[in-house]
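Step one of this worksheet: look at the structure below.
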Amino acid sequence: MTLGELKAQFRLMLNNNVVNKSDSLVALFINQSIMRLQRELRLPFQEKQILYTIPSDFTKLAIPADLLELIAIMSDTDADGILEYQLRKSSLTEVVRDSQVPGLPPRRYTRQGGSWILGPKPGTGDKVLIHYYAEFAALTDDASTNTALKVAWDAVLYGALAAAYSYLKDVENRAEAEATYGQITQNLQKMADADELAADAVMAPALRLDTDGEW
């Protein structure tokens with residue numbers, strides 16, 4: 001579903017002239033709903049992976065701008081395409097100390113500002129995979145879409161309706177929209193949790209990016 005299609009569905013179900021005539025209000029409630037989904041859910045279609053090749057001048061690993069929550073940093077030290085192990089989060093003191101040792105496989109990481117420090121310092125050509133929950137892509141115009149609108153458009157819709165009814169102080173309709181939103185999101189989370197336990201991910205991670213430029 002595109003943003004324009006969701007707006008049309010929203011206006012049809014809300015049926016309120018004050019809100020429906022204001023595209024900025026409609027967009028506001030939809031964006032509030034998407035931000036709420038990002039805050040409340042952790043689902044496979046929110047996941048993203050970046051495979052980073054260590055350059056010769058490596059010092060720190062930049063934290064992705066769209067990161068919501070880190071899942072894991074994993075290392076492929078022999079560049080054979082197999083991730084050998086997951087790095088362990090440690091204290092800044094320990095990791096900074098280890099990062100002064102070059103050419104050994106990294107075992108730890110810590111966050112410092114907008115970057116992660118790895119220790120020991122990985123060698124040139126080593127591969128590091130960043131696996132994380134990412135923000136949904138921005139909706140720039142009515143023709144645009146993102147994974148939230150593709151997979152959970154109904155959750156976005158009812159979250160937007162709940163926000164609109166709250167704005168309009170319509171308590172009864174807000175309660176109904178909240179209940180529907182809650183049911184949809186609970187079902188999504190239950191399905192994701194069940195897939196995780198069964199090691200059978202029906203909703204696979206959304207994106208995988210190699211820093212060499214290949215998706």
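FYI, nothing fancy with the structure tokens labels: chains A, B, ... in order, residues from 1 per chain, ligands from 1 as they appear.
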From a DSSP pass on the backbone, collect the residues of region 1-162 of chain A flagged as strand (DSSP E) and hand them back as an MDAnalysis selection string. chainID A and resid 47:53 61:62 67:76 85:86 88:89 108:112 115:119 127:134
Per-residue nearest contacts of region 68-170 of chain A to region 32-43 of chain A (6 Å; only C-alpha atoms) as CSV:
residue,atom,partner,partner_atom,distance
A:Val156,CA,A:Ser33,CA,5.4
A:Gly159,CA,A:Ser33,CA,4.8
A:Ala160,CA,A:Ser33,CA,5.1
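CA of Ile184 (chain A) lies 23.6 Å from CA of Leu25 (chain A).
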Which residues come within 10 Å of His131 (chain A), counting only C-alpha atoms, excluding same-chain residues fewer than 6 positions away, as an MDAnalysis selection string? chainID A and resid 47:51 67 69:74 205 207:208
Atoms kept (C-alpha atoms) for selection, written as an mmCIF file, in the first residue's frame:
data_model
loop_
_atom_site.group_PDB
_atom_site.id
_atom_site.type_symbol
_atom_site.label_atom_id
_atom_site.label_comp_id
_atom_site.auth_asym_id
_atom_site.auth_seq_id
_atom_site.Cartn_x
_atom_site.Cartn_y
_atom_site.Cartn_z
ATOM 1 C CA GLU A 47 15.444 -5.874 10.888
ATOM 2 C CA LYS A 48 18.316 -4.722 8.713
ATOM 3 C CA GLN A 49 21.818 -6.052 8.115
ATOM 4 C CA ILE A 50 24.931 -4.208 6.956
ATOM 5 C CA LEU A 51 28.008 -6.209 5.970
ATOM 6 C CA LEU A 67 19.248 2.326 14.111
ATOM 7 C CA GLU A 69 18.123 -1.149 18.583
ATOM 8 C CA LEU A 70 21.198 -3.287 18.007
ATOM 9 C CA ILE A 71 20.665 -7.046 17.722
ATOM 10 C CA ALA A 72 24.255 -8.188 17.202
ATOM 11 C CA ILE A 73 27.652 -7.353 15.746
ATOM 12 C CA MET A 74 29.232 -10.437 14.176
ATOM 13 C CA PRO A 205 14.668 -9.484 7.848
ATOM 14 C CA LEU A 207 17.176 -5.499 4.194
ATOM 15 C CA ARG A 208 20.768 -6.631 3.774
#
Residues at most 12 Å from Ala8 (chain A), counting only C-alpha atoms, excluding those fewer than 2 positions away in the same chain, as a list in words?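 Neighbouring residues, sequence-local ones excluded: Met1, Thr2, Leu3, Gly4, Glu5, Leu6, Phe10, Arg11, Leu12, Met13, Leu14, Asn15, Asn20, Lys21, Asp23, Val26, Ala27, Ile30, Asp142 and Leu157 of chain A.
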Please produce a file of those selected residues containing N, CA, C and O atoms, as a PDB file, in the first residue's frame.
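Output contents, as saved in out-v2.pdb:
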ATOM      1  N   MET A   1       0.842  -1.196   0.000  1.00  0.00           N
ATOM      2  CA  MET A   1       0.000   0.000   0.000  1.00  0.00           C
ATOM      3  C   MET A   1       0.878   1.247   0.000  1.00  0.00           C
ATOM      4  O   MET A   1       1.876   1.312   0.707  1.00  0.00           O
ATOM      5  N   THR A   2       0.503   2.248  -0.790  1.00  0.00           N
ATOM      6  CA  THR A   2       1.238   3.505  -0.829  1.00  0.00           C
ATOM      7  C   THR A   2       0.690   4.459   0.232  1.00  0.00           C
ATOM      8  O   THR A   2      -0.399   4.252   0.794  1.00  0.00           O
ATOM      9  N   LEU A   3       1.437   5.520   0.488  1.00  0.00           N
ATOM     10  CA  LEU A   3       0.982   6.524   1.442  1.00  0.00           C
ATOM     11  C   LEU A   3      -0.333   7.151   0.987  1.00  0.00           C
ATOM     12  O   LEU A   3      -1.241   7.371   1.794  1.00  0.00           O
ATOM     13  N   GLY A   4      -0.459   7.424  -0.319  1.00  0.00           N
ATOM     14  CA  GLY A   4      -1.690   8.002  -0.834  1.00  0.00           C
ATOM     15  C   GLY A   4      -2.890   7.095  -0.621  1.00  0.00           C
ATOM     16  O   GLY A   4      -3.985   7.559  -0.258  1.00  0.00           O
ATOM     17  N   GLU A   5      -2.691   5.799  -0.831  1.00  0.00           N
ATOM     18  CA  GLU A   5      -3.777   4.838  -0.622  1.00  0.00           C
ATOM     19  C   GLU A   5      -4.155   4.752   0.853  1.00  0.00           C
ATOM     20  O   GLU A   5      -5.341   4.636   1.203  1.00  0.00           O
ATOM     21  N   LEU A   6      -3.162   4.806   1.735  1.00  0.00           N
ATOM     22  CA  LEU A   6      -3.450   4.769   3.166  1.00  0.00           C
ATOM     23  C   LEU A   6      -4.194   6.031   3.603  1.00  0.00           C
ATOM     24  O   LEU A   6      -5.129   5.957   4.420  1.00  0.00           O
ATOM     25  N   PHE A  10      -7.768   6.092   5.395  1.00  0.00           N
ATOM     26  CA  PHE A  10      -7.893   6.799   6.666  1.00  0.00           C
ATOM     27  C   PHE A  10      -9.053   7.802   6.623  1.00  0.00           C
ATOM     28  O   PHE A  10      -9.888   7.841   7.533  1.00  0.00           O
ATOM     29  N   ARG A  11      -9.100   8.612   5.564  1.00  0.00           N
ATOM     30  CA  ARG A  11     -10.173   9.615   5.441  1.00  0.00           C
ATOM     31  C   ARG A  11     -11.541   8.949   5.370  1.00  0.00           C
ATOM     32  O   ARG A  11     -12.519   9.436   5.955  1.00  0.00           O
ATOM     33  N   LEU A  12     -11.633   7.853   4.642  1.00  0.00           N
ATOM     34  CA  LEU A  12     -12.906   7.151   4.498  1.00  0.00           C
ATOM     35  C   LEU A  12     -13.394   6.637   5.855  1.00  0.00           C
ATOM     36  O   LEU A  12     -14.584   6.773   6.183  1.00  0.00           O
ATOM     37  N   MET A  13     -12.508   6.080   6.652  1.00  0.00           N
ATOM     38  CA  MET A  13     -12.912   5.503   7.929  1.00  0.00           C
ATOM     39  C   MET A  13     -13.103   6.564   8.999  1.00  0.00           C
ATOM     40  O   MET A  13     -13.981   6.430   9.862  1.00  0.00           O
ATOM     41  N   LEU A  14     -12.317   7.624   8.969  1.00  0.00           N
ATOM     42  CA  LEU A  14     -12.472   8.680   9.971  1.00  0.00           C
ATOM     43  C   LEU A  14     -13.744   9.494   9.730  1.00  0.00           C
ATOM     44  O   LEU A  14     -14.488   9.802  10.664  1.00  0.00           O
ATOM     45  N   ASN A  15     -13.966   9.871   8.464  1.00  0.00           N
ATOM     46  CA  ASN A  15     -15.173  10.604   8.072  1.00  0.00           C
ATOM     47  C   ASN A  15     -15.378  11.859   8.923  1.00  0.00           C
ATOM     48  O   ASN A  15     -16.449  12.096   9.500  1.00  0.00           O
ATOM     49  N   ASN A  20     -10.104  15.618   7.600  1.00  0.00           N
ATOM     50  CA  ASN A  20      -9.961  15.154   6.220  1.00  0.00           C
ATOM     51  C   ASN A  20      -9.555  16.256   5.247  1.00  0.00           C
ATOM     52  O   ASN A  20      -8.925  15.981   4.217  1.00  0.00           O
ATOM     53  N   LYS A  21      -9.912  17.506   5.562  1.00  0.00           N
ATOM     54  CA  LYS A  21      -9.560  18.615   4.679  1.00  0.00           C
ATOM     55  C   LYS A  21      -8.117  19.083   4.884  1.00  0.00           C
ATOM     56  O   LYS A  21      -7.618  19.893   4.103  1.00  0.00           O
ATOM     57  N   ASP A  23      -4.406  17.981   4.854  1.00  0.00           N
ATOM     58  CA  ASP A  23      -3.437  16.934   4.524  1.00  0.00           C
ATOM     59  C   ASP A  23      -2.325  16.866   5.557  1.00  0.00           C
ATOM     60  O   ASP A  23      -1.785  15.792   5.826  1.00  0.00           O
ATOM     61  N   VAL A  26      -3.622  14.747   8.469  1.00  0.00           N
ATOM     62  CA  VAL A  26      -3.671  13.334   8.074  1.00  0.00           C
ATOM     63  C   VAL A  26      -2.266  12.733   8.093  1.00  0.00           C
ATOM     64  O   VAL A  26      -2.046  11.649   8.640  1.00  0.00           O
ATOM     65  N   ALA A  27      -1.318  13.450   7.510  1.00  0.00           N
ATOM     66  CA  ALA A  27       0.073  12.979   7.484  1.00  0.00           C
ATOM     67  C   ALA A  27       0.645  12.891   8.896  1.00  0.00           C
ATOM     68  O   ALA A  27       1.398  11.955   9.215  1.00  0.00           O
ATOM     69  N   ILE A  30      -0.656   9.711  10.666  1.00  0.00           N
ATOM     70  CA  ILE A  30      -0.028   8.510  10.093  1.00  0.00           C
ATOM     71  C   ILE A  30       1.414   8.390  10.560  1.00  0.00           C
ATOM     72  O   ILE A  30       1.874   7.306  10.949  1.00  0.00           O
ATOM     73  N   ASP A 142       2.991  10.808  -1.834  1.00  0.00           N
ATOM     74  CA  ASP A 142       1.860   9.880  -1.804  1.00  0.00           C
ATOM     75  C   ASP A 142       2.122   8.587  -2.568  1.00  0.00           C
ATOM     76  O   ASP A 142       1.437   7.585  -2.341  1.00  0.00           O
ATOM     77  N   LEU A 157      -2.885   2.107  10.060  1.00  0.00           N
ATOM     78  CA  LEU A 157      -4.187   2.745   9.887  1.00  0.00           C
ATOM     79  C   LEU A 157      -4.887   2.944  11.226  1.00  0.00           C
ATOM     80  O   LEU A 157      -5.334   4.056  11.539  1.00  0.00           O
TER      81      LEU A 157
END
Write out as a list in words the residues lying within 12 Å of Ser22 (chain A), counting only C-alpha atoms and excluding same-chain residues fewer than 5 positions away.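 Selected residues are Lys7, Arg11, Asn16, Asn17, Ala27, Leu28, Phe29 and Ala164 of chain A.
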May I ask for the distance between CA of Phe136 (chain A) and CA of Gln46 (chain A), given in Å to one decimal place?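 Those two atoms sit 7.2 Å apart.
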From the options A:Pro55, A:Gly182, A:Pro122, A:Pro106, which residue's atoms come nearest to Ser90 (chain A), counting only C-alpha atoms?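 Looking only at the distances to Ser90 (chain A), the closest residue turns out to be A:Pro106.
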